[in-house]
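Student: File follows, input_19.tsv with TSV, N, CA and C atoms:
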```tsv
chain	number	residue	atom	x	y	z
A	10	MET	N	-321.29	-125.66	99.39
A	10	MET	CA	-321.01	-125.75	97.96
A	10	MET	C	-319.98	-126.84	97.76
A	11	SER	N	-320.25	-127.73	96.85
A	11	SER	CA	-319.32	-128.83	96.61
A	11	SER	C	-318.27	-128.41	95.59
A	12	GLY	N	-317.18	-129.17	95.56
A	12	GLY	CA	-316.09	-128.88	94.63
A	12	GLY	C	-316.48	-129.20	93.20
A	13	PRO	N	-315.63	-128.85	92.25
A	13	PRO	CA	-315.94	-129.11	90.84
A	13	PRO	C	-316.00	-130.61	90.58
A	14	GLU	N	-316.92	-130.98	89.73
A	14	GLU	CA	-317.03	-132.38	89.36
A	14	GLU	C	-315.92	-132.72	88.39
A	15	THR	N	-315.38	-133.88	88.58
A	15	THR	CA	-314.40	-134.37	87.62
A	15	THR	C	-314.92	-135.68	87.07
A	16	SER	N	-314.63	-135.92	85.85
A	16	SER	CA	-315.06	-137.18	85.26
A	16	SER	C	-313.87	-137.80	84.55
A	17	THR	N	-313.88	-139.08	84.53
A	17	THR	CA	-312.86	-139.81	83.81
A	17	THR	C	-313.56	-140.65	82.76
A	18	SER	N	-312.87	-140.95	81.73
A	18	SER	CA	-313.45	-141.77	80.69
A	18	SER	C	-312.55	-142.97	80.44
A	19	ARG	N	-313.17	-143.99	79.90
A	19	ARG	CA	-312.41	-145.17	79.51
A	19	ARG	C	-313.17	-145.82	78.38
A	20	PHE	N	-312.46	-146.52	77.54
A	20	PHE	CA	-313.09	-147.23	76.45
A	20	PHE	C	-313.60	-148.56	76.97
A	21	VAL	N	-314.76	-148.96	76.52
A	21	VAL	CA	-315.36	-150.22	76.94
A	21	VAL	C	-315.36	-151.18	75.76
A	22	GLY	N	-315.47	-152.43	76.05
A	22	GLY	CA	-315.44	-153.45	75.01
A	22	GLY	C	-314.07	-154.09	74.96
A	23	ASP	N	-313.93	-155.00	74.03
A	23	ASP	CA	-312.68	-155.76	73.98
A	23	ASP	C	-311.85	-155.49	72.73
A	24	ARG	N	-312.16	-154.43	72.01
A	24	ARG	CA	-311.35	-154.11	70.83
A	24	ARG	C	-310.01	-153.54	71.29
A	25	PRO	N	-308.90	-154.05	70.73
A	25	PRO	CA	-307.57	-153.59	71.18
A	25	PRO	C	-307.30	-152.15	70.77
A	26	ARG	N	-306.69	-151.39	71.68
A	26	ARG	CA	-306.31	-150.00	71.39
A	26	ARG	C	-304.80	-149.84	71.31
A	27	ILE	N	-304.08	-150.92	71.65
A	27	ILE	CA	-302.62	-150.92	71.55
A	27	ILE	C	-302.18	-152.31	71.12
A	28	LYS	N	-301.12	-152.36	70.32
A	28	LYS	CA	-300.61	-153.63	69.83
A	28	LYS	C	-299.10	-153.54	69.75
A	29	CYS	N	-298.42	-154.55	70.28
A	29	CYS	CA	-296.96	-154.61	70.16
A	29	CYS	C	-296.60	-155.36	68.88
A	30	VAL	N	-295.66	-154.81	68.15
A	30	VAL	CA	-295.19	-155.42	66.92
A	30	VAL	C	-293.72	-155.80	67.13
A	31	PRO	N	-293.43	-157.10	67.12
A	31	PRO	CA	-292.03	-157.52	67.31
A	31	PRO	C	-291.17	-157.11	66.11
A	32	LEU	N	-289.95	-156.75	66.38
A	32	LEU	CA	-289.01	-156.39	65.31
A	32	LEU	C	-288.21	-157.62	64.93
A	33	GLU	N	-288.15	-157.91	63.65
A	33	GLU	CA	-287.33	-159.02	63.18
A	33	GLU	C	-285.85	-158.70	63.34
A	34	TRP	N	-285.54	-157.41	63.26
A	34	TRP	CA	-284.18	-156.92	63.38
A	34	TRP	C	-284.12	-155.91	64.53
A	35	PRO	N	-284.00	-156.39	65.79
A	35	PRO	CA	-283.92	-155.46	66.92
A	35	PRO	C	-282.84	-154.41	66.69
A	36	VAL	N	-283.05	-153.24	67.26
A	36	VAL	CA	-282.13	-152.13	67.05
A	36	VAL	C	-281.76	-151.53	68.39
A	37	GLU	N	-280.48	-151.17	68.52
A	37	GLU	CA	-280.04	-150.40	69.68
A	37	GLU	C	-280.07	-148.94	69.27
A	38	PHE	N	-280.71	-148.15	70.08
A	38	PHE	CA	-280.87	-146.73	69.76
A	38	PHE	C	-280.82	-145.94	71.05
A	39	GLY	N	-279.94	-144.96	71.11
A	39	GLY	CA	-279.83	-144.13	72.30
A	39	GLY	C	-279.46	-144.93	73.54
A	40	GLY	N	-278.68	-145.98	73.36
A	40	GLY	CA	-278.24	-146.79	74.50
A	40	GLY	C	-279.26	-147.82	74.98
A	41	ARG	N	-280.37	-147.96	74.28
A	41	ARG	CA	-281.40	-148.93	74.67
A	41	ARG	C	-281.69	-149.85	73.49
A	42	THR	N	-281.92	-151.13	73.78
A	42	THR	CA	-282.24	-152.09	72.73
A	42	THR	C	-283.75	-152.23	72.61
A	43	TYR	N	-284.24	-152.15	71.38
A	43	TYR	CA	-285.67	-152.28	71.09
A	43	TYR	C	-285.88	-153.54	70.27
A	44	ASP	N	-286.69	-154.46	70.79
A	44	ASP	CA	-287.02	-155.66	70.03
A	44	ASP	C	-288.50	-155.67	69.63
A	45	ALA	N	-289.22	-154.64	70.02
A	45	ALA	CA	-290.63	-154.46	69.63
A	45	ALA	C	-290.98	-152.99	69.78
A	46	LEU	N	-291.94	-152.57	68.99
A	46	LEU	CA	-292.53	-151.24	69.13
A	46	LEU	C	-294.03	-151.44	69.19
A	47	ALA	N	-294.74	-150.42	69.59
A	47	ALA	CA	-296.19	-150.54	69.75
A	47	ALA	C	-296.92	-149.55	68.85
A	48	LEU	N	-298.17	-149.88	68.61
A	48	LEU	CA	-299.09	-149.01	67.89
A	48	LEU	C	-300.25	-148.74	68.81
A	49	ALA	N	-300.75	-147.53	68.82
A	49	ALA	CA	-301.86	-147.18	69.70
A	49	ALA	C	-302.90	-146.37	68.93
A	50	ARG	N	-304.17	-146.69	69.16
A	50	ARG	CA	-305.24	-145.87	68.60
A	50	ARG	C	-305.23	-144.54	69.32
A	51	LEU	N	-305.53	-143.49	68.59
A	51	LEU	CA	-305.51	-142.15	69.15
A	51	LEU	C	-306.89	-141.71	69.58
A	52	THR	N	-306.93	-140.88	70.60
A	52	THR	CA	-308.19	-140.24	70.99
A	52	THR	C	-308.36	-138.98	70.12
A	53	ALA	N	-309.55	-138.44	70.13
A	53	ALA	CA	-309.80	-137.21	69.39
A	53	ALA	C	-308.89	-136.08	69.88
A	54	GLY	N	-308.66	-136.03	71.19
A	54	GLY	CA	-307.78	-135.02	71.76
A	54	GLY	C	-306.34	-135.17	71.29
A	55	GLU	N	-305.87	-136.42	71.18
A	55	GLU	CA	-304.51	-136.66	70.69
A	55	GLU	C	-304.36	-136.26	69.23
A	56	VAL	N	-305.38	-136.54	68.43
A	56	VAL	CA	-305.34	-136.13	67.02
A	56	VAL	C	-305.29	-134.60	66.93
A	57	ALA	N	-306.13	-133.92	67.70
A	57	ALA	CA	-306.15	-132.45	67.67
A	57	ALA	C	-304.80	-131.88	68.12
A	58	ALA	N	-304.22	-132.44	69.17
A	58	ALA	CA	-302.92	-131.96	69.65
A	58	ALA	C	-301.84	-132.18	68.60
A	59	PHE	N	-301.89	-133.32	67.91
A	59	PHE	CA	-300.92	-133.61	66.86
A	59	PHE	C	-301.07	-132.59	65.72
A	60	GLN	N	-302.29	-132.33	65.32
A	60	GLN	CA	-302.52	-131.37	64.23
A	60	GLN	C	-302.04	-129.97	64.61
A	61	ARG	N	-302.26	-129.57	65.85
A	61	ARG	CA	-301.76	-128.26	66.31
A	61	ARG	C	-300.24	-128.23	66.31
A	62	SER	N	-299.62	-129.32	66.75
A	62	SER	CA	-298.16	-129.34	66.84
A	62	SER	C	-297.50	-129.28	65.47
A	63	ILE	N	-298.07	-129.95	64.48
A	63	ILE	CA	-297.43	-129.92	63.17
A	63	ILE	C	-297.71	-128.63	62.42
A	64	ALA	N	-298.79	-127.95	62.78
A	64	ALA	CA	-299.09	-126.67	62.13
A	64	ALA	C	-298.01	-125.64	62.44
A	65	ALA	N	-297.35	-125.78	63.58
A	65	ALA	CA	-296.34	-124.82	64.00
A	65	ALA	C	-294.93	-125.17	63.51
A	66	LEU	N	-294.78	-126.33	62.86
A	66	LEU	CA	-293.45	-126.76	62.42
A	66	LEU	C	-293.10	-126.20	61.05
A	67	PRO	N	-291.80	-126.03	60.80
A	67	PRO	CA	-291.39	-125.66	59.45
A	67	PRO	C	-291.70	-126.81	58.49
A	68	PRO	N	-291.89	-126.53	57.21
A	68	PRO	CA	-292.29	-127.57	56.26
A	68	PRO	C	-291.34	-128.77	56.17
A	69	ASP	N	-290.06	-128.58	56.42
A	69	ASP	CA	-289.11	-129.69	56.29
A	69	ASP	C	-288.79	-130.38	57.62
A	70	ALA	N	-289.49	-130.05	58.68
A	70	ALA	CA	-289.23	-130.65	59.98
A	70	ALA	C	-289.69	-132.10	60.01
A	71	PRO	N	-288.93	-132.97	60.67
A	71	PRO	CA	-289.36	-134.37	60.79
A	71	PRO	C	-290.59	-134.46	61.69
A	72	VAL	N	-291.51	-135.34	61.34
A	72	VAL	CA	-292.74	-135.52	62.10
A	72	VAL	C	-292.90	-136.99	62.40
A	73	SER	N	-293.18	-137.31	63.65
A	73	SER	CA	-293.46	-138.69	64.04
A	73	SER	C	-294.91	-138.76	64.48
A	74	PHE	N	-295.69	-139.52	63.75
A	74	PHE	CA	-297.12	-139.65	64.05
A	74	PHE	C	-297.27	-140.39	65.38
A	75	PRO	N	-298.08	-139.89	66.31
A	75	PRO	CA	-298.13	-140.46	67.66
A	75	PRO	C	-298.78	-141.83	67.77
A	76	VAL	N	-299.21	-142.42	66.67
A	76	VAL	CA	-299.73	-143.79	66.73
A	76	VAL	C	-298.59	-144.77	67.04
A	77	TYR	N	-297.36	-144.39	66.70
A	77	TYR	CA	-296.17	-145.21	66.99
A	77	TYR	C	-295.73	-144.93	68.41
A	78	ARG	N	-295.56	-145.99	69.19
A	78	ARG	CA	-295.22	-145.82	70.61
A	78	ARG	C	-294.18	-146.85	71.05
A	79	LEU	N	-293.67	-146.64	72.25
A	79	LEU	CA	-292.85	-147.65	72.90
A	79	LEU	C	-293.78	-148.74	73.43
A	80	PRO	N	-293.26	-149.94	73.68
A	80	PRO	CA	-294.11	-151.01	74.18
A	80	PRO	C	-294.87	-150.65	75.47
A	81	ASP	N	-294.32	-149.74	76.28
A	81	ASP	CA	-295.02	-149.33	77.51
A	81	ASP	C	-296.04	-148.23	77.25
A	82	GLY	N	-296.20	-147.83	75.97
A	82	GLY	CA	-297.16	-146.80	75.61
A	82	GLY	C	-296.58	-145.40	75.53
A	83	GLY	N	-295.35	-145.24	75.95
A	83	GLY	CA	-294.71	-143.92	75.92
A	83	GLY	C	-294.34	-143.49	74.51
A	84	PRO	N	-293.98	-142.22	74.34
A	84	PRO	CA	-293.62	-141.72	73.01
A	84	PRO	C	-292.28	-142.27	72.54
A	85	LEU	N	-292.15	-142.43	71.23
A	85	LEU	CA	-290.89	-142.90	70.65
A	85	LEU	C	-289.84	-141.81	70.68
A	86	PRO	N	-288.58	-142.20	70.87
A	86	PRO	CA	-287.51	-141.21	70.74
A	86	PRO	C	-287.43	-140.73	69.29
A	87	ASP	N	-287.13	-139.45	69.10
A	87	ASP	CA	-286.97	-138.92	67.74
A	87	ASP	C	-285.91	-139.72	67.00
A	88	GLY	N	-286.22	-140.10	65.78
A	88	GLY	CA	-285.25	-140.79	64.93
A	88	GLY	C	-285.31	-142.30	64.96
A	89	ILE	N	-286.02	-142.90	65.90
A	89	ILE	CA	-285.98	-144.36	65.98
A	89	ILE	C	-286.64	-145.03	64.78
A	90	LEU	N	-287.69	-144.46	64.24
A	90	LEU	CA	-288.33	-145.08	63.08
A	90	LEU	C	-287.37	-145.13	61.90
A	91	ASP	N	-286.57	-144.08	61.72
A	91	ASP	CA	-285.59	-144.07	60.63
A	91	ASP	C	-284.46	-145.06	60.87
A	92	ALA	N	-284.22	-145.45	62.11
A	92	ALA	CA	-283.14	-146.37	62.44
A	92	ALA	C	-283.55	-147.84	62.24
A	93	LEU	N	-284.84	-148.10	62.03
A	93	LEU	CA	-285.30	-149.48	61.88
A	93	LEU	C	-284.86	-150.08	60.55
A	94	ASP	N	-284.72	-151.41	60.53
A	94	ASP	CA	-284.54	-152.14	59.28
A	94	ASP	C	-285.75	-151.83	58.39
A	95	ALA	N	-285.55	-151.71	57.10
A	95	ALA	CA	-286.64	-151.34	56.19
A	95	ALA	C	-287.80	-152.32	56.25
A	96	ASP	N	-287.51	-153.63	56.39
A	96	ASP	CA	-288.60	-154.61	56.47
A	96	ASP	C	-289.40	-154.45	57.76
A	97	ASP	N	-288.73	-154.16	58.86
A	97	ASP	CA	-289.44	-153.92	60.13
A	97	ASP	C	-290.30	-152.67	60.02
A	98	ARG	N	-289.79	-151.63	59.39
A	98	ARG	CA	-290.58	-150.40	59.23
A	98	ARG	C	-291.80	-150.66	58.36
A	99	ASP	N	-291.62	-151.44	57.29
A	99	ASP	CA	-292.75	-151.77	56.43
A	99	ASP	C	-293.81	-152.56	57.20
A	100	ALA	N	-293.39	-153.53	58.01
A	100	ALA	CA	-294.34	-154.33	58.80
A	100	ALA	C	-295.07	-153.45	59.81
A	101	LEU	N	-294.34	-152.53	60.43
A	101	LEU	CA	-294.94	-151.62	61.40
A	101	LEU	C	-295.96	-150.69	60.72
A	102	ASP	N	-295.58	-150.15	59.56
A	102	ASP	CA	-296.50	-149.26	58.83
A	102	ASP	C	-297.74	-150.01	58.37
A	103	LYS	N	-297.58	-151.24	57.92
A	103	LYS	CA	-298.74	-152.02	57.48
A	103	LYS	C	-299.69	-152.28	58.65
A	104	ALA	N	-299.14	-152.66	59.79
A	104	ALA	CA	-299.97	-152.91	60.98
A	104	ALA	C	-300.61	-151.62	61.47
A	105	ALA	N	-299.96	-150.48	61.24
A	105	ALA	CA	-300.48	-149.19	61.71
A	105	ALA	C	-301.78	-148.81	61.03
A	106	LEU	N	-302.03	-149.31	59.84
A	106	LEU	CA	-303.26	-148.95	59.13
A	106	LEU	C	-304.50	-149.25	59.96
A	107	ASP	N	-304.47	-150.33	60.75
A	107	ASP	CA	-305.61	-150.68	61.60
A	107	ASP	C	-305.78	-149.73	62.78
A	108	PHE	N	-304.76	-148.94	63.08
A	108	PHE	CA	-304.79	-148.05	64.24
A	108	PHE	C	-304.96	-146.58	63.86
A	109	LEU	N	-304.89	-146.27	62.58
A	109	LEU	CA	-305.04	-144.88	62.16
A	109	LEU	C	-306.50	-144.45	62.17
A	110	PRO	N	-306.77	-143.21	62.56
A	110	PRO	CA	-308.12	-142.69	62.39
A	110	PRO	C	-308.47	-142.72	60.90
A	111	ARG	N	-309.72	-142.96	60.58
A	111	ARG	CA	-310.15	-143.10	59.18
A	111	ARG	C	-309.72	-141.91	58.33
A	112	ARG	N	-309.72	-140.70	58.90
A	112	ARG	CA	-309.37	-139.53	58.09
A	112	ARG	C	-307.93	-139.57	57.60
A	113	PHE	N	-307.06	-140.34	58.28
A	113	PHE	CA	-305.66	-140.44	57.85
A	113	PHE	C	-305.40	-141.68	56.99
A	114	ARG	N	-306.41	-142.48	56.75
A	114	ARG	CA	-306.24	-143.68	55.92
A	114	ARG	C	-306.53	-143.41	54.47
A	115	GLY	N	-307.00	-142.23	54.11
A	115	GLY	CA	-307.48	-141.92	52.78
A	115	GLY	C	-306.61	-142.40	51.64
A	116	ALA	N	-305.34	-142.08	51.66
A	116	ALA	CA	-304.46	-142.42	50.53
A	116	ALA	C	-304.34	-143.92	50.37
A	117	GLU	N	-304.22	-144.66	51.49
A	117	GLU	CA	-304.06	-146.10	51.40
A	117	GLU	C	-305.37	-146.80	51.06
A	118	ALA	N	-306.48	-146.26	51.57
A	118	ALA	CA	-307.76	-146.94	51.42
A	118	ALA	C	-308.49	-146.59	50.13
A	119	SER	N	-308.12	-145.50	49.48
A	119	SER	CA	-308.89	-145.11	48.30
A	119	SER	C	-308.51	-145.97	47.11
A	120	ALA	N	-309.50	-146.25	46.31
A	120	ALA	CA	-309.27	-147.06	45.11
A	120	ALA	C	-308.68	-146.19	44.02
A	121	SER	N	-308.12	-146.83	43.02
A	121	SER	CA	-307.60	-146.10	41.88
A	121	SER	C	-308.76	-145.45	41.14
A	122	PRO	N	-308.50	-144.32	40.51
A	122	PRO	CA	-309.59	-143.69	39.76
A	122	PRO	C	-309.98	-144.60	38.60
A	123	PRO	N	-311.24	-144.50	38.16
A	123	PRO	CA	-311.66	-145.35	37.04
A	123	PRO	C	-310.90	-145.00	35.77
A	124	ALA	N	-310.72	-146.01	34.92
A	124	ALA	CA	-310.06	-145.78	33.64
A	124	ALA	C	-310.98	-144.91	32.78
A	125	ALA	N	-310.39	-144.28	31.79
A	125	ALA	CA	-311.18	-143.41	30.92
A	125	ALA	C	-312.36	-144.17	30.35
A	126	GLY	N	-313.53	-143.59	30.49
A	126	GLY	CA	-314.74	-144.19	29.95
A	126	GLY	C	-315.46	-145.12	30.92
A	127	GLU	N	-314.81	-145.50	32.04
A	127	GLU	CA	-315.47	-146.37	33.01
A	127	GLU	C	-316.36	-145.53	33.91
A	128	PRO	N	-317.51	-146.11	34.33
A	128	PRO	CA	-318.37	-145.35	35.24
A	128	PRO	C	-317.76	-145.30	36.64
A	129	THR	N	-318.14	-144.28	37.39
A	129	THR	CA	-317.70	-144.18	38.77
A	129	THR	C	-318.68	-144.93	39.65
A	130	ALA	N	-318.27	-145.25	40.86
A	130	ALA	CA	-319.15	-145.99	41.78
A	130	ALA	C	-320.30	-145.14	42.23
```
Can you turn what I pasted into C-alpha cells?
Tutor:
Amino acid sequence: MSGPETSTSRFVGDRPRIKCVPLEWPVEFGGRTYDALALARLTAGEVAAFQRSIAALPPDAPVSFPVYRLPDGGPLPDGILDALDADDRDALDKAALDFLPRRFRGAEASASPPAAGEPTA
C-alpha cells in the first residue's frame, strides 16, 4: 500500500501575483525602516481564512486586509498602514485595486446610481 498522495499547486502564466510599491516617504516602524510595501493576490483559501478571522473579531477591532504584505511576502506588522504618510497610503490603496478579488472591489468599481428618470443599464 502506498502512502497518501500529495499534490502541490502553482499558478501558471506571466500575470503578476505580487507587486512592490515604493514609498515616497519611507517610515521606521518597530525598529525597521520600510521604503516599500508589497501587494499580493489572494488565493481562495486565504480569502476564506481572512473571512473566518474577521468574523470572530469585535466590531471595533482593527483589521488589516492580507493583500498588503512586506516586500518579502510576509505579513505586515499591526499598525504599519496607519503609520504611513497619507499620500503613500493612497498610492498603495489605489494599486491594491488590481490585486483585490472582484467580490471586494464592489464599492470602488460600481457606478453611481442613475439619476431620477434615467434608465438603468
Student: Got a sec: who's within 12 Å of region 60-73 of chain A, counting only C-alpha atoms, leaving out chain neighbours fewer than 3 positions off, as a list in words?
Tutor: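 Once the nearby chain positions are removed, what remains is Ala53, Gly54, Glu55, Val56, Ala57, Val76, Tyr77, Arg78, Pro84, Leu85, Pro86, Asp87, Gly88, Ile89, Leu90, Asp91 and Phe113 of chain A.
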Student: What is the CA of Leu106 (chain A) to CA of Pro35 (chain A) distance in Å?
Tutor: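 These atoms are spaced 21.8 Å apart.
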Student: Please measure the separation of CA of Asp96 (chain A) and CA of Arg24 (chain A), giving the value in Å to one decimal.
Tutor: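 Atom-to-atom, CA of Asp96 (chain A) and CA of Arg24 (chain A) are spaced 26.9 Å apart.
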Student: Taking the backbone alone, and naming residues the way the document does, which bits of region 39-123 of chain A are strand (DSSP E or B) by DSSP, as number ranges by chain?
Tutor: A: 41-49, 77-78, 84
Student: Between A:Leu46, A:Trp34, A:Thr17, A:Asp23, which has the minimum distance to Asp97 (chain A) (counting only N, CA and C atoms)?
Tutor: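 The closest residue to Asp97 (chain A) is A:Trp34.
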Student: In Å, rounded to a single decimal, give me how far atom N of Ala95 (chain A) is from atom C of Leu48 (chain A).
Tutor: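 Separation between atom C of Leu48 (chain A) and atom N of Ala95 (chain A): 19.0 Å.
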Student: Do a neighbour search on Leu109 (chain A) at 8 Å with all atoms listed in the file, toss out local chain neighbours closer than 5 positions, and write the hits as a list in words.
Tutor: Ala49, Arg50, Leu51, Val76, Ala104 and Arg114 of chain A
Student: How would you write as a list in words the residues that get within 10 Å of (-290.1, -161.2, 64.1) in the file's frame, counting only C-alpha atoms?
Tutor: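 Answer for this query, in the requested form: Val30, Pro31, Leu32, Glu33, Trp34, Pro35, Asp44, Ala45, Asp97 and Ala100 of chain A.
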Student: Could you find all residues in chain A that DSSP calls alpha helix (DSSP H) from the backbone, and write them as a PyMOL selection string?
Tutor: chain A and resi 53-64+89-92+95-105+115-118
